[in-house]
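Printed here is query.txt (compact mmCIF, C-alpha atoms):
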# COMPACT_ATOMS: atom_id res chain seq x y z
CA MET O 1 0.00 0.00 0.00
CA ALA O 2 1.34 3.41 -0.98
CA ASP O 3 1.54 6.46 1.29
CA ILE O 4 0.21 9.18 -1.05
CA ILE O 5 -1.48 9.17 -4.46
CA ILE O 6 -1.94 12.43 -6.37
CA LYS O 7 -4.35 12.12 -9.29
CA ASN O 8 -6.04 14.13 -12.04
CA ALA O 9 -3.16 16.64 -12.20
CA TYR O 10 -1.16 18.23 -14.96
CA VAL O 11 2.22 16.64 -14.16
CA LEU O 12 5.26 18.73 -15.05
CA THR O 13 7.83 15.95 -14.65
CA MET O 14 10.96 17.88 -15.78
CA ASP O 15 12.10 14.42 -16.92
CA PRO O 16 13.51 14.80 -20.46
CA ASP O 17 12.73 11.14 -21.15
CA ARG O 18 9.08 11.45 -20.15
CA GLY O 19 7.64 14.89 -20.83
CA ASP O 20 4.47 16.30 -19.25
CA LEU O 21 1.26 14.42 -18.46
CA LYS O 22 -1.95 16.36 -19.02
CA ASN O 23 -3.97 14.16 -16.68
CA GLY O 24 -1.47 12.25 -14.59
CA THR O 25 -0.97 10.35 -11.39
CA ILE O 26 1.95 10.28 -8.94
CA VAL O 27 2.39 7.49 -6.40
CA ILE O 28 4.62 8.00 -3.34
CA GLU O 29 5.88 5.34 -0.95
CA ASP O 30 8.64 5.43 1.70
CA GLY O 31 9.77 8.89 0.65
CA ARG O 32 10.23 8.00 -3.02
CA ILE O 33 8.22 8.33 -6.21
CA THR O 34 7.16 4.81 -7.22
CA GLU O 35 4.85 5.56 -10.17
CA VAL O 36 4.38 8.39 -12.68
CA GLY O 37 1.66 7.74 -15.22
CA GLU O 38 -1.91 8.23 -16.38
CA LYS O 39 -3.47 5.86 -13.83
CA THR O 40 -2.49 3.47 -11.07
CA ASN O 41 -3.85 0.27 -9.52
CA GLU O 42 -2.23 1.19 -6.20
CA ARG O 43 -4.15 2.19 -3.11
CA ALA O 44 -2.97 4.71 -0.53
CA GLU O 45 -3.75 6.08 2.91
CA THR O 46 -3.88 9.60 1.43
CA VAL O 47 -5.38 10.37 -2.00
CA ILE O 48 -5.21 13.94 -3.28
CA ASP O 49 -7.50 14.76 -6.21
CA VAL O 50 -6.23 17.94 -7.83
CA LYS O 51 -8.22 18.85 -10.93
CA ARG O 52 -7.01 22.05 -12.61
CA SER O 53 -3.76 21.89 -10.68
CA VAL O 54 -0.12 21.39 -11.64
CA VAL O 55 2.17 18.95 -9.87
CA MET O 56 5.84 19.77 -10.31
CA PRO O 57 9.17 19.22 -8.54
CA GLY O 58 9.70 21.38 -5.48
CA LEU O 59 11.78 24.48 -6.17
CA ILE O 60 15.42 24.56 -5.04
CA ASN O 61 16.91 27.75 -3.60
CA THR O 62 20.68 27.40 -3.98
CA HIS O 63 21.76 30.51 -2.08
CA THR O 64 20.23 32.21 0.91
CA HIS O 65 20.87 33.28 4.50
CA ALA O 66 17.71 32.03 6.18
CA ALA O 67 17.93 33.86 9.51
CA MET O 68 18.14 37.20 7.69
CA THR O 69 14.34 37.10 7.56
CA LEU O 70 14.67 39.05 10.83
CA LEU O 71 16.22 41.92 8.82
CA ARG O 72 13.56 41.95 6.09
CA GLY O 73 12.96 45.55 5.05
CA TYR O 74 15.20 46.93 7.80
CA ALA O 75 17.76 48.84 5.70
CA ASP O 76 16.38 49.31 2.21
CA ASP O 77 17.41 51.75 -0.53
CA LEU O 78 20.91 52.48 0.79
CA GLN O 79 24.33 52.49 -0.82
CA LEU O 80 26.13 49.17 -0.31
CA SER O 81 28.72 50.59 2.14
CA GLU O 82 26.06 52.17 4.37
CA TRP O 83 23.76 49.14 4.05
CA LEU O 84 26.49 46.69 5.05
CA ASP O 85 28.82 48.63 7.37
CA GLY O 86 26.28 50.96 8.90
CA GLN O 87 23.23 48.73 9.25
CA ILE O 88 23.51 45.00 8.52
CA TRP O 89 26.83 44.11 10.15
CA PRO O 90 26.04 46.00 13.40
CA ALA O 91 22.70 44.16 13.60
CA GLU O 92 24.30 40.78 12.85
CA ALA O 93 26.87 41.40 15.59
CA ARG O 94 23.96 41.37 18.07
CA LEU O 95 22.37 38.14 16.81
CA THR O 96 21.93 35.36 19.36
CA PRO O 97 21.60 31.64 18.66
CA LYS O 98 17.92 31.89 19.58
CA ASN O 99 17.47 34.72 17.05
CA VAL O 100 18.97 32.56 14.31
CA TYR O 101 16.59 29.73 15.20
CA GLN O 102 13.59 32.09 15.14
CA GLY O 103 14.64 33.68 11.85
CA SER O 104 15.42 30.33 10.25
CA LEU O 105 12.07 28.92 11.33
CA LEU O 106 10.33 31.90 9.75
CA ALA O 107 12.31 31.27 6.54
CA CYS O 108 11.31 27.61 6.56
CA LEU O 109 7.67 28.57 6.98
CA GLU O 110 7.89 31.03 4.10
CA MET O 111 9.55 28.44 1.86
CA ILE O 112 7.00 25.74 2.67
CA LYS O 113 4.20 28.15 1.78
CA SER O 114 5.84 29.32 -1.47
CA GLY O 115 6.97 26.00 -2.93
CA THR O 116 10.65 25.72 -2.03
CA THR O 117 11.47 22.24 -0.76
CA PHE O 118 15.29 22.41 -0.66
CA PHE O 119 17.65 25.30 0.12
CA ALA O 120 21.36 26.00 0.52
CA ASP O 121 22.25 28.27 3.42
CA MET O 122 25.36 29.98 4.80
CA TYR O 123 25.27 31.94 8.05
CA PHE O 124 26.14 31.94 11.78
CA PHE O 125 24.96 29.68 14.64
CA MET O 126 24.12 27.06 12.06
CA ASP O 127 23.20 24.45 14.67
CA GLU O 128 20.07 26.55 15.16
CA THR O 129 19.25 26.65 11.45
CA SER O 130 19.73 22.88 11.37
CA LYS O 131 17.24 22.48 14.22
CA ALA O 132 14.73 24.64 12.34
CA VAL O 133 15.17 22.52 9.19
CA GLU O 134 14.78 19.34 11.22
CA LEU O 135 11.51 20.56 12.72
CA SER O 136 10.11 21.98 9.48
CA GLY O 137 10.61 18.86 7.35
CA LEU O 138 12.42 20.73 4.58
CA ARG O 139 15.62 19.57 2.88
CA ALA O 140 18.75 21.74 3.18
CA SER O 141 22.45 21.97 2.43
CA LEU O 142 23.95 24.04 5.22
CA SER O 143 27.30 25.70 5.88
CA HIS O 144 28.83 27.82 8.62
CA GLY O 145 30.10 31.09 7.10
CA LEU O 146 33.89 31.36 7.32
CA THR O 147 35.12 34.96 7.20
CA GLU O 148 38.83 34.97 7.99
CA LEU O 149 39.63 38.60 7.06
CA TRP O 150 43.36 37.78 7.07
CA ASN O 151 43.20 37.33 10.85
CA LYS O 152 44.90 34.02 11.62
CA GLU O 153 43.28 33.61 15.04
CA LYS O 154 39.79 34.36 13.71
CA GLY O 155 40.42 32.08 10.75
CA GLU O 156 41.38 29.18 13.00
CA MET O 157 38.28 29.66 15.14
CA ASP O 158 35.99 29.85 12.10
CA PHE O 159 37.65 26.86 10.45
CA LYS O 160 37.33 24.75 13.60
CA GLU O 161 33.63 25.64 13.90
CA GLY O 162 33.01 24.98 10.21
CA LYS O 163 34.62 21.56 10.47
CA ARG O 164 32.69 20.70 13.65
CA PHE O 165 29.43 21.73 12.00
CA VAL O 166 30.08 19.69 8.84
CA ARG O 167 30.74 16.53 10.83
CA ARG O 168 27.98 17.06 13.41
CA TRP O 169 25.08 17.58 10.99
CA GLN O 170 26.00 15.63 7.86
CA GLY O 171 23.08 13.28 7.07
CA ALA O 172 20.96 14.53 9.99
CA ALA O 173 17.15 14.79 9.96
CA ASP O 174 16.83 11.37 8.31
CA GLY O 175 19.20 12.44 5.56
CA ARG O 176 17.42 15.72 4.75
CA ILE O 177 20.40 17.79 5.95
CA LYS O 178 23.67 17.87 4.03
CA THR O 179 26.60 20.03 5.09
CA MET O 180 29.13 22.12 3.19
CA TYR O 181 32.11 24.31 4.00
CA GLY O 182 31.24 28.00 3.64
CA PRO O 183 34.22 30.30 3.03
CA HIS O 184 32.59 33.68 2.55
CA ALA O 185 34.46 35.00 -0.51
CA PRO O 186 37.93 35.35 -2.05
CA ASN O 187 38.05 39.00 -0.93
CA THR O 188 37.34 38.11 2.72
CA CYS O 189 39.51 34.98 2.99
CA SER O 190 43.22 34.62 2.27
CA GLU O 191 44.59 32.38 -0.46
CA GLU O 192 46.10 30.08 2.19
CA PHE O 193 42.83 29.84 4.09
CA LEU O 194 40.87 28.99 0.94
CA ALA O 195 43.38 26.26 0.06
CA LYS O 196 43.01 24.82 3.56
CA VAL O 197 39.22 24.77 3.23
CA ARG O 198 39.52 23.01 -0.13
CA GLU O 199 41.74 20.33 1.39
CA GLU O 200 39.43 19.72 4.34
CA ALA O 201 36.28 19.62 2.20
CA THR O 202 37.87 16.98 -0.02
CA LYS O 203 38.88 14.97 3.02
CA ASP O 204 35.35 15.12 4.48
CA GLY O 205 33.57 14.54 1.17
CA ALA O 206 31.68 17.81 1.70
CA GLY O 207 30.80 20.49 -0.81
CA ILE O 208 31.85 24.16 -0.70
CA HIS O 209 29.49 27.17 -0.80
CA ILE O 210 31.14 30.52 -1.58
CA HIS O 211 30.33 34.03 -2.89
CA VAL O 212 32.30 34.85 -6.06
CA LEU O 213 32.54 38.16 -7.94
CA GLU O 214 29.34 39.59 -6.52
CA THR O 215 30.54 43.17 -6.96
CA GLU O 216 32.83 45.19 -9.19
CA ALA O 217 34.65 46.28 -6.01
CA GLU O 218 35.68 42.65 -5.44
CA LEU O 219 37.01 42.42 -8.99
CA VAL O 220 39.08 45.61 -8.58
CA LEU O 221 40.39 44.58 -5.15
CA MET O 222 41.47 41.13 -6.31
CA LYS O 223 43.30 42.50 -9.34
CA GLU O 224 45.09 45.06 -7.16
CA LYS O 225 46.03 42.50 -4.52
CA TYR O 226 46.80 39.43 -6.65
CA GLY O 227 47.02 40.69 -10.22
CA LYS O 228 44.13 38.40 -11.16
CA CYS O 229 40.38 38.09 -10.57
CA SER O 230 38.69 35.76 -8.08
CA ILE O 231 37.99 33.06 -10.68
CA HIS O 232 41.63 32.78 -11.76
CA LEU O 233 42.91 32.85 -8.18
CA LEU O 234 40.57 30.06 -7.11
CA ASP O 235 41.44 28.04 -10.19
CA ASP O 236 45.17 28.49 -9.63
CA ILE O 237 44.97 27.03 -6.10
CA GLY O 238 42.91 24.03 -7.27
CA PHE O 239 39.81 25.20 -5.42
CA PHE O 240 37.21 24.53 -8.11
CA GLY O 241 35.34 21.31 -8.83
CA PRO O 242 31.80 19.90 -9.27
CA ASP O 243 31.35 20.09 -5.49
CA VAL O 244 31.65 23.90 -5.48
CA LEU O 245 28.57 26.14 -5.41
CA ALA O 246 29.52 29.70 -6.40
CA ALA O 247 26.92 32.37 -5.63
CA HIS O 248 26.42 35.44 -7.84
CA CYS O 249 29.28 35.27 -10.41
CA ILE O 250 28.37 38.63 -11.93
CA TRP O 251 31.66 40.20 -13.05
CA LEU O 252 32.82 37.40 -15.34
CA SER O 253 34.91 37.46 -18.51
CA ASP O 254 34.51 34.85 -21.25
CA ARG O 255 37.69 33.18 -19.95
CA ASP O 256 36.17 33.03 -16.46
CA ILE O 257 33.08 31.30 -17.85
CA GLU O 258 35.26 28.75 -19.61
CA ILE O 259 37.04 27.97 -16.32
CA LEU O 260 33.70 27.46 -14.56
CA ARG O 261 32.57 25.13 -17.35
CA LYS O 262 35.81 23.18 -17.43
CA ARG O 263 35.87 22.65 -13.66
CA GLY O 264 32.16 21.76 -13.43
CA VAL O 265 31.44 24.58 -10.97
CA ASN O 266 27.77 25.16 -10.05
CA VAL O 267 26.59 28.78 -10.12
CA SER O 268 23.71 30.26 -8.11
CA HIS O 269 22.09 33.23 -9.86
CA ASN O 270 20.41 35.73 -7.52
CA ALA O 271 18.67 38.16 -9.86
CA VAL O 272 16.47 40.10 -7.41
CA SER O 273 19.20 40.66 -4.82
CA ASN O 274 21.71 41.67 -7.50
CA MET O 275 19.25 44.21 -8.90
CA LYS O 276 18.27 45.63 -5.52
CA MET O 277 21.89 46.10 -4.44
CA ALA O 278 22.84 47.39 -7.92
CA SER O 279 25.60 44.77 -8.04
CA GLY O 280 25.31 44.14 -11.76
CA ILE O 281 23.84 41.59 -14.17
CA ALA O 282 25.31 38.11 -14.31
CA PRO O 283 25.91 36.77 -17.86
CA VAL O 284 23.52 33.88 -17.26
CA HIS O 285 22.67 33.25 -20.91
CA LYS O 286 26.38 33.01 -21.77
CA MET O 287 27.05 30.57 -18.93
CA LEU O 288 24.15 28.36 -19.94
CA GLU O 289 25.17 28.43 -23.60
CA LYS O 290 28.68 27.34 -22.61
CA GLY O 291 27.34 24.46 -20.47
CA VAL O 292 27.77 25.89 -16.97
CA ASN O 293 25.19 24.59 -14.50
CA VAL O 294 23.31 27.71 -13.36
CA SER O 295 20.63 27.46 -10.66
CA LEU O 296 18.57 30.06 -8.76
CA GLY O 297 18.89 31.62 -5.33
CA THR O 298 17.15 34.43 -3.49
CA ASP O 299 20.02 35.53 -1.23
CA GLY O 300 18.95 36.72 2.23
CA CYS O 301 15.80 38.70 2.95
CA ALA O 302 17.82 41.82 3.80
CA SER O 303 18.81 42.12 0.13
CA ASN O 304 15.76 40.54 -1.49
CA ASN O 305 12.89 40.91 1.01
CA ASN O 306 11.30 37.54 0.26
CA LEU O 307 12.15 33.92 -0.51
CA ASP O 308 9.68 33.47 -3.38
CA LEU O 309 11.43 31.49 -6.12
CA PHE O 310 8.51 32.04 -8.51
CA GLU O 311 9.34 35.74 -8.39
CA GLU O 312 13.01 34.85 -8.84
CA MET O 313 12.26 32.80 -11.97
CA LYS O 314 10.30 35.62 -13.59
CA THR O 315 12.89 38.24 -12.70
CA ALA O 316 15.78 36.10 -13.94
CA ALA O 317 14.08 35.62 -17.30
CA LEU O 318 13.12 39.28 -17.77
CA LEU O 319 16.52 40.59 -16.68
CA GLN O 320 18.38 38.56 -19.31
CA LYS O 321 15.89 39.58 -22.00
CA VAL O 322 16.12 43.31 -21.37
CA ASN O 323 19.89 43.18 -20.89
CA THR O 324 20.42 41.48 -24.26
CA LEU O 325 17.45 43.15 -26.00
CA ASN O 326 16.48 39.63 -27.05
CA PRO O 327 13.01 38.39 -26.03
CA ILE O 328 13.79 34.73 -26.76
CA ILE O 329 16.78 34.55 -24.38
CA LEU O 330 16.12 32.41 -21.28
CA PRO O 331 12.65 31.03 -22.13
CA ALA O 332 10.26 29.73 -19.48
CA ARG O 333 11.28 26.08 -19.95
CA GLN O 334 14.93 26.89 -19.27
CA VAL O 335 14.20 29.04 -16.21
CA ILE O 336 12.12 26.25 -14.63
CA GLU O 337 15.09 23.92 -15.21
CA MET O 338 17.27 26.39 -13.32
CA GLY O 339 14.83 26.30 -10.39
CA THR O 340 14.52 22.51 -10.30
CA VAL O 341 16.84 20.27 -12.34
CA ASN O 342 19.89 22.55 -12.17
CA GLY O 343 19.44 23.15 -8.47
CA ALA O 344 19.29 19.41 -7.90
CA LYS O 345 22.47 18.92 -9.91
CA ALA O 346 24.19 21.47 -7.67
CA LEU O 347 22.98 20.01 -4.38
CA ASP O 348 21.37 16.56 -4.70
CA SER O 349 20.77 14.72 -7.96
CA GLU O 350 18.03 12.60 -6.33
CA THR O 351 15.61 15.52 -6.46
CA GLY O 352 14.61 18.05 -9.14
CA MET O 353 12.30 15.95 -11.30
CA LEU O 354 9.27 13.70 -10.95
CA LYS O 355 10.63 10.30 -11.91
CA VAL O 356 10.37 6.81 -10.48
CA GLY O 357 13.07 6.34 -7.86
CA LYS O 358 13.60 10.04 -7.15
CA LYS O 359 12.97 11.51 -3.71
CA ALA O 360 9.37 12.64 -3.33
CA ASP O 361 9.92 16.41 -3.07
CA LEU O 362 7.10 18.07 -4.97
CA ILE O 363 4.54 20.84 -4.92
CA ILE O 364 0.98 21.32 -6.19
CA LEU O 365 0.02 24.62 -7.80
CA ASP O 366 -3.61 25.70 -7.73
CA MET O 367 -4.39 26.98 -11.24
CA LYS O 368 -7.95 28.02 -10.39
CA LYS O 369 -6.98 31.67 -9.97
CA PRO O 370 -7.90 34.80 -11.96
CA HIS O 371 -4.26 35.60 -12.77
CA LEU O 372 -3.79 32.05 -14.10
CA THR O 373 -6.86 32.09 -16.35
CA PRO O 374 -6.93 31.28 -19.24
CA CYS O 375 -3.97 28.92 -19.60
CA PHE O 376 -2.43 28.27 -23.03
CA ASP O 377 1.01 27.20 -21.84
CA VAL O 378 1.61 25.76 -18.36
CA ARG O 379 5.34 26.45 -18.29
CA SER O 380 4.84 30.03 -19.39
CA HIS O 381 2.25 30.52 -16.64
CA ILE O 382 4.57 29.09 -13.98
CA VAL O 383 7.29 31.60 -14.82
CA TYR O 384 5.39 34.71 -15.86
CA SER O 385 2.08 34.51 -13.97
CA ALA O 386 2.32 32.21 -10.94
CA LYS O 387 3.26 33.32 -7.44
CA GLY O 388 4.48 31.48 -4.39
CA SER O 389 1.04 32.00 -2.86
CA ASP O 390 -0.44 29.73 -5.55
CA VAL O 391 1.21 26.70 -3.94
CA ARG O 392 -1.51 24.67 -2.19
CA THR O 393 0.48 21.58 -1.21
CA THR O 394 4.14 20.97 -0.36
CA ILE O 395 5.63 17.50 0.06
CA VAL O 396 9.21 16.67 1.09
CA ASP O 397 10.59 13.16 1.51
CA GLY O 398 7.08 11.86 0.89
CA LYS O 399 5.64 13.79 3.86
CA LEU O 400 2.96 16.47 3.66
CA LEU O 401 4.33 19.74 5.05
CA MET O 402 1.38 21.75 3.77
CA ASP O 403 -1.89 20.56 2.24
CA ASN O 404 -4.68 22.69 0.81
CA TYR O 405 -2.83 25.79 2.08
CA LYS O 406 -2.69 24.54 5.69
CA VAL O 407 0.82 24.13 7.15
CA LEU O 408 0.91 20.84 9.05
CA VAL O 409 4.39 20.90 10.61
CA LEU O 410 4.67 24.35 12.22
CA ASP O 411 2.47 26.66 14.29
CA GLU O 412 2.32 29.41 11.68
CA GLN O 413 1.04 32.16 13.96
CA LYS O 414 3.57 31.43 16.73
CA VAL O 415 6.51 31.35 14.30
CA MET O 416 5.56 34.79 12.94
CA GLU O 417 4.92 36.30 16.38
CA ASP O 418 8.22 35.00 17.77
CA ALA O 419 10.12 36.32 14.76
CA GLN O 420 8.43 39.73 14.95
CA LYS O 421 9.41 40.08 18.60
CA ALA O 422 12.96 38.83 17.98
CA ALA O 423 13.46 41.27 15.09
CA LYS O 424 12.28 44.25 17.15
CA GLU O 425 14.57 43.37 20.06
CA LEU O 426 17.52 42.74 17.72
CA ILE O 427 17.30 46.19 16.15
CA GLU O 428 16.90 47.82 19.54
CA ARG O 429 20.12 46.11 20.69
CA SER O 430 22.00 47.10 17.56
CA LYS O 431 20.89 50.75 17.86
CA ALA O 432 21.99 50.82 21.50
Full structure transcribed into structure tokens:
Amino acid sequence: MADIIIKNAYVLTMDPDRGDLKNGTIVIEDGRITEVGEKTNERAETVIDVKRSVVMPGLINTHTHAAMTLLRGYADDLQLSEWLDGQIWPAEARLTPKNVYQGSLLACLEMIKSGTTFFADMYFFMDETSKAVELSGLRASLSHGLTELWNKEKGEMDFKEGKRFVRRWQGAADGRIKTMYGPHAPNTCSEEFLAKVREEATKDGAGIHIHVLETEAELVLMKEKYGKCSIHLLDDIGFFGPDVLAAHCIWLSDRDIEILRKRGVNVSHNAVSNMKMASGIAPVHKMLEKGVNVSLGTDGCASNNNLDLFEEMKTAALLQKVNTLNPIILPARQVIEMGTVNGAKALDSETGMLKVGKKADLIILDMKKPHLTPCFDVRSHIVYSAKGSDVRTTIVDGKLLMDNYKVLVLDEQKVMEDAQKAAKELIERSKA
């Protein structure tokens, strides 16, 4: 007997060998997808009949800082130096472990409600984010942020904590938590420190999550300090590989893109955050054309304001079109791949599509909405019309986290109230 059967749905499989099913059925058992087809002879404890709905893989957010939900809207419309030095860093310096738990839990709630089933995170007090993920039922790839700042003592402390975290939480929450090393960026960590992280990550079989060429200032600084950009420095020390997730990658040359392709580096594109902070426009279409695996991230809520990957898909598509003055660049099909298949390739190849044997991480979109009527092209609607609030059901590891818009794993009101109070107290401390 199966655990869950979803029937009468438009099934967007994202499986290149299968294609979409206009009236399909998904069978889930023991956390895996066991059938994808028109009908089934199976029976299940839970049967979800979803006429005029779309079933698709859960979205994968490959770069965020979950606990920054507490800073949502706190320091908007400022120059980067004032935003970071004058507002964000002073507030972060007053964060407590409990704050990180409260902020991470709020992020998990937001992601459950908006269709993200898997996210990659880098921040502080990551034990607390891990506990929030464990409670929420989501899947995550987590890393403790390592910011050495050419301070050997600080570097050693950060490295020790990063290593402890990787080993403590790897495979936790019934396998839903993976861990990575999280060196912040080449302009905040020395060459020697980055090489040490690379060595340890290889030894532990862990991935690496890092910011790369997010700003023009980083490009200028690296060329002044090393006579080369971040990409070439990292390549020269043997840092890159298919286990590296590089966030942003905006200020790239064609040679940089070729290095990323050759080394199999995964890139996380954060269109909304990059636009809001006026960081620049990543050459996403060039990377994809060259065969670089590019996925989608939101970044933290201080530089994006929400964790809605539907909004991120639409923005990513429109930004490339207007930047190239080419309306056929980055079509809907390709953007959905970035939010599902490509994200899975970067973090966990057992997710990202609806296929027999894959982990049962999926969402159901309610298409019975005015802004989704009429519907000529499902994929076009998902990218250009749908919103995170259209997600009615979220399933991770074969377990219902939300069904028919009701969150089943968290006390929604309490999570929001606790986060509101924590955010207010945090800002009061930072101002004092």
Which is closest to Lys39 in chain O among O:Ile208, O:Val407, O:Leu347, O:Ile6, if we use all atoms listed in the file? O:Ile6
For Asp390 in chain O, which residue out of O:Lys113, O:Ala422, O:Leu296, O:Ile336 is the nearest one, using only C-alpha atoms? O:Lys113
Contacts of range 354-360 of chain O at 8 Å (all atoms listed in the file; same-chain gap of 2+ positions) as a ChimeraX atom specification: /O:12-15,28,31-36,56-57,350-352,362,395-398
Draw an axis-aligned box tight on the listed atoms of range 343-346 of chain O, then pad every side by 5 Å and write out centre and edge lengths in Å to one decimal as lines of an AutoDock Vina configuration file.
center_x = 21.7
center_y = 21.0
center_z = -8.8
size_x = 14.9
size_y = 14.2
size_z = 12.2
Point (29.2, 22.6, 10.3), cut-off 8 Å, counting only C-alpha atoms, residues as a list in words: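 Output: Met126, Asp127, Leu142, Ser143, His144, Glu161, Gly162, Lys163, Arg164, Phe165, Val166, Arg167, Arg168, Trp169, Thr179, Met180 and Tyr181 of chain O.
Nearest residue to Asp121 in chain O among O:Leu149, O:Ile382, O:Met68, O:Val55 is O:Met68, counting all atoms listed in the file.
The two atoms in question, CA of Ile328 in chain O and CA of Val265 in chain O, are spaced 25.8 Å apart.
Between CA of Ala66 in chain O and CA of Gly300 in chain O the interatomic distance comes to 6.3 Å.
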May I have the residues within 12 Å of Glu417 in chain O as number ranges by chain, using all atoms listed in the file and disregarding those fewer than 5 positions away in the same chain? O: 70, 102-103, 105-106, 411-412, 422-424
Selection above as a file: C-alpha atoms, as a short mmCIF file (atom, residue, chain, number, x, y, z; two decimals), in the frame of the given file:
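For reference, selection.cif as written:
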data_model
loop_
_atom_site.label_atom_id
_atom_site.label_comp_id
_atom_site.auth_asym_id
_atom_site.auth_seq_id
_atom_site.Cartn_x
_atom_site.Cartn_y
_atom_site.Cartn_z
CA LEU O 70 14.67 39.05 10.83
CA GLN O 102 13.59 32.09 15.14
CA GLY O 103 14.64 33.68 11.85
CA LEU O 105 12.07 28.92 11.33
CA LEU O 106 10.33 31.90 9.75
CA ASP O 411 2.47 26.66 14.29
CA GLU O 412 2.32 29.41 11.68
CA ALA O 422 12.96 38.83 17.98
CA ALA O 423 13.46 41.27 15.09
CA LYS O 424 12.28 44.25 17.15
#
Find, counting only C-alpha atoms, the residue in O:Ala282, O:Leu21, O:Ala120, O:Ile427 that gets nearest to Val378 in chain O.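 Nearest candidate to Val378 in chain O out of O:Ala282, O:Leu21, O:Ala120, O:Ile427: O:Leu21.
Distance-wise, CA of Leu233 in chain O and CA of Cys249 in chain O end up 14.0 Å apart.
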Would you kindly identify which residues have an atom no farther than 12 Å from (37.8, 31.2, -9.6), using only C-alpha atoms and the file's own coordinates, and write them out as a VMD selection string? chain O and resid 185 to 187 191 194 210 to 213 219 222 228 to 241 244 to 247 249 251 to 253 255 to 267
Residues near Lys321 in chain O, anyone? I mean within 12 Å using only C-alpha atoms, not counting same-chain ones fewer than 2 positions away, as a PyMOL selection string. chain O and resi 281+283-285+314-319+323-332
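Between Glu42 in chain O and the residues O:Lys421, O:Gly19, O:Gly205, O:Met1, the shortest atom-to-atom distance, using only C-alpha atoms, involves O:Met1.
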Could you check which of O:Asn23, O:Ser385, O:Asn151, O:Ser303 is closest to Ile88 in chain O, using all atoms listed in the file? O:Ser303
Would you kindly return, as a PyMOL selection string, each protein, DNA or RNA residue with an atom no farther than 9 Å from any atom of Lys286 in chain O, considering only C-alpha atoms and excluding same-chain residues fewer than 4 positions away? chain O and resi 254+257+290-292
Could those residues be written to a file, using C-alpha atoms, as a PDB file, in the coordinates of the input?
ATOM      1  CA  ASP O 254      34.510  34.850 -21.250  1.00  0.00           C
ATOM      2  CA  ILE O 257      33.080  31.300 -17.850  1.00  0.00           C
ATOM      3  CA  LYS O 290      28.680  27.340 -22.610  1.00  0.00           C
ATOM      4  CA  GLY O 291      27.340  24.460 -20.470  1.00  0.00           C
ATOM      5  CA  VAL O 292      27.770  25.890 -16.970  1.00  0.00           C
TER       6      VAL O 292
END
What lies within 7 Å of Val294 in chain O using all atoms listed in the file, ignoring chain neighbours under 5 positions off, as a VMD selection string? chain O and resid 266 to 269 288 338 342
